[in-house]
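To be precise, the following lines are protein34.json, and they hold JSON, C-alpha atoms.
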```json
[["chain", "number", "residue", "atom", "x", "y", "z"],
["A", 1, "MET", "CA", -62.82, 30.94, 39.39],
["A", 2, "SER", "CA", -62.99, 27.96, 41.74],
["A", 3, "ARG", "CA", -61.10, 27.94, 45.02],
["A", 4, "LEU", "CA", -58.73, 25.26, 43.73],
["A", 5, "ALA", "CA", -58.02, 27.25, 40.55],
["A", 6, "GLU", "CA", -57.39, 30.38, 42.62],
["A", 7, "LEU", "CA", -54.96, 28.51, 44.89],
["A", 8, "ARG", "CA", -53.16, 27.07, 41.87],
["A", 9, "PHE", "CA", -52.93, 30.55, 40.32],
["A", 10, "ARG", "CA", -51.53, 32.15, 43.49],
["A", 11, "ALA", "CA", -49.02, 29.36, 44.12],
["A", 12, "ALA", "CA", -47.77, 29.25, 40.52],
["A", 13, "THR", "CA", -47.52, 33.01, 40.04],
["A", 14, "GLY", "CA", -45.84, 33.52, 43.41],
["A", 15, "PHE", "CA", -43.23, 30.87, 42.58],
["A", 16, "GLN", "CA", -42.72, 32.22, 39.06],
["A", 17, "ARG", "CA", -42.40, 35.83, 40.20],
["A", 18, "HIS", "CA", -39.98, 35.25, 43.07],
["A", 19, "VAL", "CA", -38.03, 32.11, 42.11],
["A", 20, "GLY", "CA", -38.50, 30.76, 38.60],
["A", 21, "ASN", "CA", -38.51, 33.90, 36.45],
["A", 22, "PRO", "CA", -35.48, 35.62, 38.04],
["A", 23, "VAL", "CA", -33.39, 32.47, 37.50],
["A", 24, "LEU", "CA", -34.69, 31.42, 34.07],
["A", 25, "ARG", "CA", -34.47, 34.80, 32.36],
["A", 26, "ARG", "CA", -30.72, 34.86, 33.10],
["A", 27, "LEU", "CA", -30.12, 31.60, 31.24],
["A", 28, "PRO", "CA", -28.76, 32.56, 27.81],
["A", 29, "LEU", "CA", -30.75, 29.98, 25.82],
["A", 30, "GLN", "CA", -34.06, 30.39, 27.69],
["A", 31, "THR", "CA", -36.79, 31.88, 25.53],
["A", 32, "VAL", "CA", -37.86, 35.23, 26.98],
["A", 33, "LEU", "CA", -40.79, 37.47, 26.07],
["A", 34, "GLU", "CA", -40.19, 41.17, 26.69],
["A", 35, "THR", "CA", -43.22, 43.44, 26.99],
["A", 36, "THR", "CA", -43.54, 47.07, 28.02],
["A", 37, "GLY", "CA", -45.08, 47.54, 31.46],
["A", 38, "ARG", "CA", -48.53, 49.03, 31.04],
["A", 39, "VAL", "CA", -48.13, 51.27, 34.11],
["A", 40, "SER", "CA", -44.37, 51.76, 34.46],
["A", 41, "GLY", "CA", -43.45, 51.85, 30.78],
["A", 42, "LEU", "CA", -40.38, 49.75, 31.66],
["A", 43, "PRO", "CA", -39.31, 46.56, 29.88],
["A", 44, "ARG", "CA", -40.68, 43.41, 31.56],
["A", 45, "GLN", "CA", -39.09, 40.07, 30.77],
["A", 46, "THR", "CA", -40.91, 36.78, 31.23],
["A", 47, "PRO", "CA", -39.44, 33.34, 30.49],
["A", 48, "VAL", "CA", -41.84, 31.46, 28.21],
["A", 49, "GLY", "CA", -42.04, 28.21, 26.35],
["A", 50, "GLY", "CA", -43.10, 28.10, 22.76],
["A", 51, "ARG", "CA", -41.89, 27.49, 19.24],
["A", 52, "ARG", "CA", -40.89, 29.54, 16.26],
["A", 53, "VAL", "CA", -42.72, 28.56, 13.08],
["A", 54, "GLY", "CA", -41.51, 30.55, 10.10],
["A", 55, "ASP", "CA", -41.81, 34.25, 10.93],
["A", 56, "SER", "CA", -44.06, 33.67, 13.94],
["A", 57, "PHE", "CA", -43.48, 32.60, 17.54],
["A", 58, "TRP", "CA", -46.31, 30.68, 19.23],
["A", 59, "LEU", "CA", -46.94, 30.26, 22.95],
["A", 60, "VAL", "CA", -49.80, 29.53, 25.32],
["A", 61, "SER", "CA", -50.38, 31.57, 28.47],
["A", 62, "GLU", "CA", -51.51, 29.35, 31.34],
["A", 63, "PHE", "CA", -53.52, 32.09, 33.07],
["A", 64, "GLY", "CA", -54.81, 34.03, 30.07],
["A", 65, "ASP", "CA", -56.00, 37.55, 30.92],
["A", 66, "ARG", "CA", -54.71, 37.22, 34.48],
["A", 67, "SER", "CA", -51.09, 36.96, 33.29],
["A", 68, "GLN", "CA", -49.23, 40.23, 33.67],
["A", 69, "TYR", "CA", -47.56, 39.87, 30.28],
["A", 70, "ILE", "CA", -50.96, 39.40, 28.61],
["A", 71, "ARG", "CA", -52.19, 42.60, 30.27],
["A", 72, "ASN", "CA", -49.05, 44.36, 29.00],
["A", 73, "ILE", "CA", -49.64, 43.03, 25.47],
["A", 74, "LYS", "CA", -53.20, 44.37, 25.54],
["A", 75, "ALA", "CA", -51.81, 47.82, 26.36],
["A", 76, "ASP", "CA", -48.98, 47.63, 23.81],
["A", 77, "PRO", "CA", -48.60, 44.63, 21.48],
["A", 78, "ARG", "CA", -45.05, 45.56, 20.43],
["A", 79, "VAL", "CA", -42.74, 42.98, 22.02],
["A", 80, "ARG", "CA", -39.35, 41.38, 21.75],
["A", 81, "VAL", "CA", -38.65, 37.65, 21.96],
["A", 82, "ARG", "CA", -35.26, 36.14, 22.78],
["A", 83, "ILE", "CA", -35.00, 32.84, 20.92],
["A", 84, "LYS", "CA", -31.80, 30.79, 21.23],
["A", 85, "GLY", "CA", -29.97, 33.83, 22.60],
["A", 86, "ARG", "CA", -31.00, 36.24, 19.83],
["A", 87, "TRP", "CA", -33.56, 39.06, 20.22],
["A", 88, "HIS", "CA", -36.34, 39.54, 17.66],
["A", 89, "THR", "CA", -38.86, 42.38, 17.57],
["A", 90, "GLY", "CA", -42.48, 41.58, 16.86],
["A", 91, "THR", "CA", -46.14, 42.24, 17.34],
["A", 92, "ALA", "CA", -48.13, 39.99, 19.66],
["A", 93, "HIS", "CA", -51.65, 38.85, 18.86],
["A", 94, "LEU", "CA", -53.97, 37.27, 21.43],
["A", 95, "LEU", "CA", -55.99, 34.47, 19.83],
["A", 96, "PRO", "CA", -58.94, 33.55, 22.07],
["A", 97, "ASP", "CA", -60.58, 31.57, 19.24],
["A", 98, "ASP", "CA", -57.55, 29.28, 18.81],
["A", 99, "ASP", "CA", -57.69, 25.89, 20.57],
["A", 100, "PRO", "CA", -54.87, 26.22, 23.16],
["A", 101, "VAL", "CA", -54.87, 22.50, 24.06],
["A", 102, "ALA", "CA", -54.38, 21.55, 20.42],
["A", 103, "ARG", "CA", -51.73, 24.28, 20.12],
["A", 104, "LEU", "CA", -49.84, 22.88, 23.12],
["A", 105, "ARG", "CA", -49.52, 19.54, 21.31],
["A", 106, "ARG", "CA", -47.39, 21.34, 18.69],
["A", 107, "LEU", "CA", -45.18, 23.17, 21.21],
["A", 108, "PRO", "CA", -42.25, 21.83, 23.27],
["A", 109, "ARG", "CA", -43.47, 18.97, 25.46],
["A", 110, "PHE", "CA", -41.90, 19.91, 28.82],
["A", 111, "ASN", "CA", -43.36, 23.43, 28.91],
["A", 112, "SER", "CA", -46.68, 22.28, 27.45],
["A", 113, "THR", "CA", -47.10, 19.70, 30.21],
["A", 114, "ALA", "CA", -46.52, 22.35, 32.89],
["A", 115, "VAL", "CA", -48.93, 24.79, 31.22],
["A", 116, "ARG", "CA", -51.65, 22.12, 31.02],
["A", 117, "ALA", "CA", -51.06, 21.03, 34.62],
["A", 118, "LEU", "CA", -51.06, 24.52, 36.15],
["A", 119, "GLY", "CA", -53.20, 26.46, 33.72],
["A", 120, "THR", "CA", -56.67, 27.65, 34.57],
["A", 121, "ASN", "CA", -57.44, 29.89, 31.58],
["A", 122, "LEU", "CA", -55.32, 28.96, 28.57],
["A", 123, "LEU", "CA", -54.81, 31.59, 25.87],
["A", 124, "THR", "CA", -52.86, 31.25, 22.62],
["A", 125, "VAL", "CA", -50.47, 34.05, 21.65],
["A", 126, "ARG", "CA", -48.84, 34.50, 18.25],
["A", 127, "VAL", "CA", -45.96, 36.91, 17.85],
["A", 128, "ASP", "CA", -45.35, 38.04, 14.27],
["A", 129, "LEU", "CA", -41.59, 38.56, 14.18],
["A", 130, "GLY", "CA", -39.86, 41.34, 12.33],
["A", 131, "GLY", "CA", -42.35, 44.10, 12.89]]
```
Translate the structure of the given file into structure tokens.
Amino acid sequence: MSRLAELRFRAATGFQRHVGNPVLRRLPLQTVLETTGRVSGLPRQTPVGGRRVGDSFWLVSEFGDRSQYIRNIKADPRVRVRIKGRWHTGTAHLLPDDDPVARLRRLPRFNSTAVRALGTNLLTVRVDLGG
């Protein structure tokens, strides 16, 4: 990873961890992905942007395998997603062969712009809801 990408990663994740995530996950209509901590076994909630399409929820991780929630999904793909204030259970699938830039064009614009601007290793995630 280049020095610039590493700086971007550290700045973005530090801000998200200490400022953005604690505020956003409290907002009732913010979409939140809940994973199980791979070490602690405790629920971990991460505000995300994405879109429900039928029985699936799609999102793009801006830091791919370096994102803590992606590491948690690898350990246990069972997740919950809060969409418009309502929790849904599901199974997350990491899709490295999907084109994340094309996927972002179909997701909400504000979040997609931030993911493209900050992201260094985009990874598409599909959550199959209801199981």
Close residues, His88 of chain A itself excluded, 8 Å, only C-alpha atoms, min 3 positions apart in chain, as a VMD selection string = chain A and resid 80 to 83 129 to 130
Go ahead and save the residues from that selection, with C-alpha atoms, as a PDB file, in the coordinates of the input.
```
ATOM      1  CA  ARG A  80     -39.350  41.380  21.750  1.00  0.00           C
ATOM      2  CA  VAL A  81     -38.650  37.650  21.960  1.00  0.00           C
ATOM      3  CA  ARG A  82     -35.260  36.140  22.780  1.00  0.00           C
ATOM      4  CA  ILE A  83     -35.000  32.840  20.920  1.00  0.00           C
ATOM      5  CA  LEU A 129     -41.590  38.560  14.180  1.00  0.00           C
ATOM      6  CA  GLY A 130     -39.860  41.340  12.330  1.00  0.00           C
TER       7      GLY A 130
END
```
key: atom CA of Ser67 of chain A to atom CA of Thr36 of chain A, straight-line distance in Å   =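 Between these atoms lies a distance of 13.7 Å.
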request  = May I have the residues within 10 Å of segment 96-113 of chain A as a list of chain:residue names, using only C-alpha atoms and disregarding those fewer than 3 positions away in the same chain?
outcome  =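 The residues that qualify are A:Val48, A:Gly49, A:Gly50, A:Arg51, A:Arg52, A:Trp58, A:Leu59, A:Val60, A:Ser61, A:Glu62, A:Gly64, A:His93, A:Arg116, A:Ala117, A:Leu118, A:Gly119, A:Asn121, A:Leu122, A:Leu123, A:Thr124, A:Val125.
Atom CA of Ser56 of chain A to atom CA of Thr31 of chain A spans 13.8 Å [interatomic distance, one decimal].
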task = Go through A:Leu42, A:Leu4, A:Val127, A:Leu94 one by one, measure the shortest atom-to-atom distance of each to Phe57 of chain A using only C-alpha atoms, and give the residue with the smallest value.
result =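 Selected residue with least distance to Phe57 of chain A: A:Val127.
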Output, as AutoDock Vina command-line options, the centre and edge lengths in Å (one decimal) of the axis-aligned box that contains all listed atoms of segment 51-61 of chain A with 5 Å of margin on each side.
```
--center_x -45.6 --center_y 30.9 --center_z 19.3 --size_x 19.5 --size_y 16.8 --size_z 28.4
```
Spatial neighbours of Asn72 of chain A, max dist 7 Å, all atoms listed in the file, sep filter under 2 positions, as a PyMOL selection string = chain A and resi 35-38+68-70+74-76
Kindly export the residues of the current selection with C-alpha atoms, as a compact mmCIF listing (two decimals), keeping the file's coordinate frame.
```txt
# COMPACT_ATOMS: atom_id res chain seq x y z
CA THR A 35 -43.22 43.44 26.99
CA THR A 36 -43.54 47.07 28.02
CA GLY A 37 -45.08 47.54 31.46
CA ARG A 38 -48.53 49.03 31.04
CA GLN A 68 -49.23 40.23 33.67
CA TYR A 69 -47.56 39.87 30.28
CA ILE A 70 -50.96 39.40 28.61
CA LYS A 74 -53.20 44.37 25.54
CA ALA A 75 -51.81 47.82 26.36
CA ASP A 76 -48.98 47.63 23.81
```
message = Can you measure atom CA of Leu7 of chain A to atom CA of Thr120 of chain A for me? One decimal in Å is fine.
response = 10.5 Å
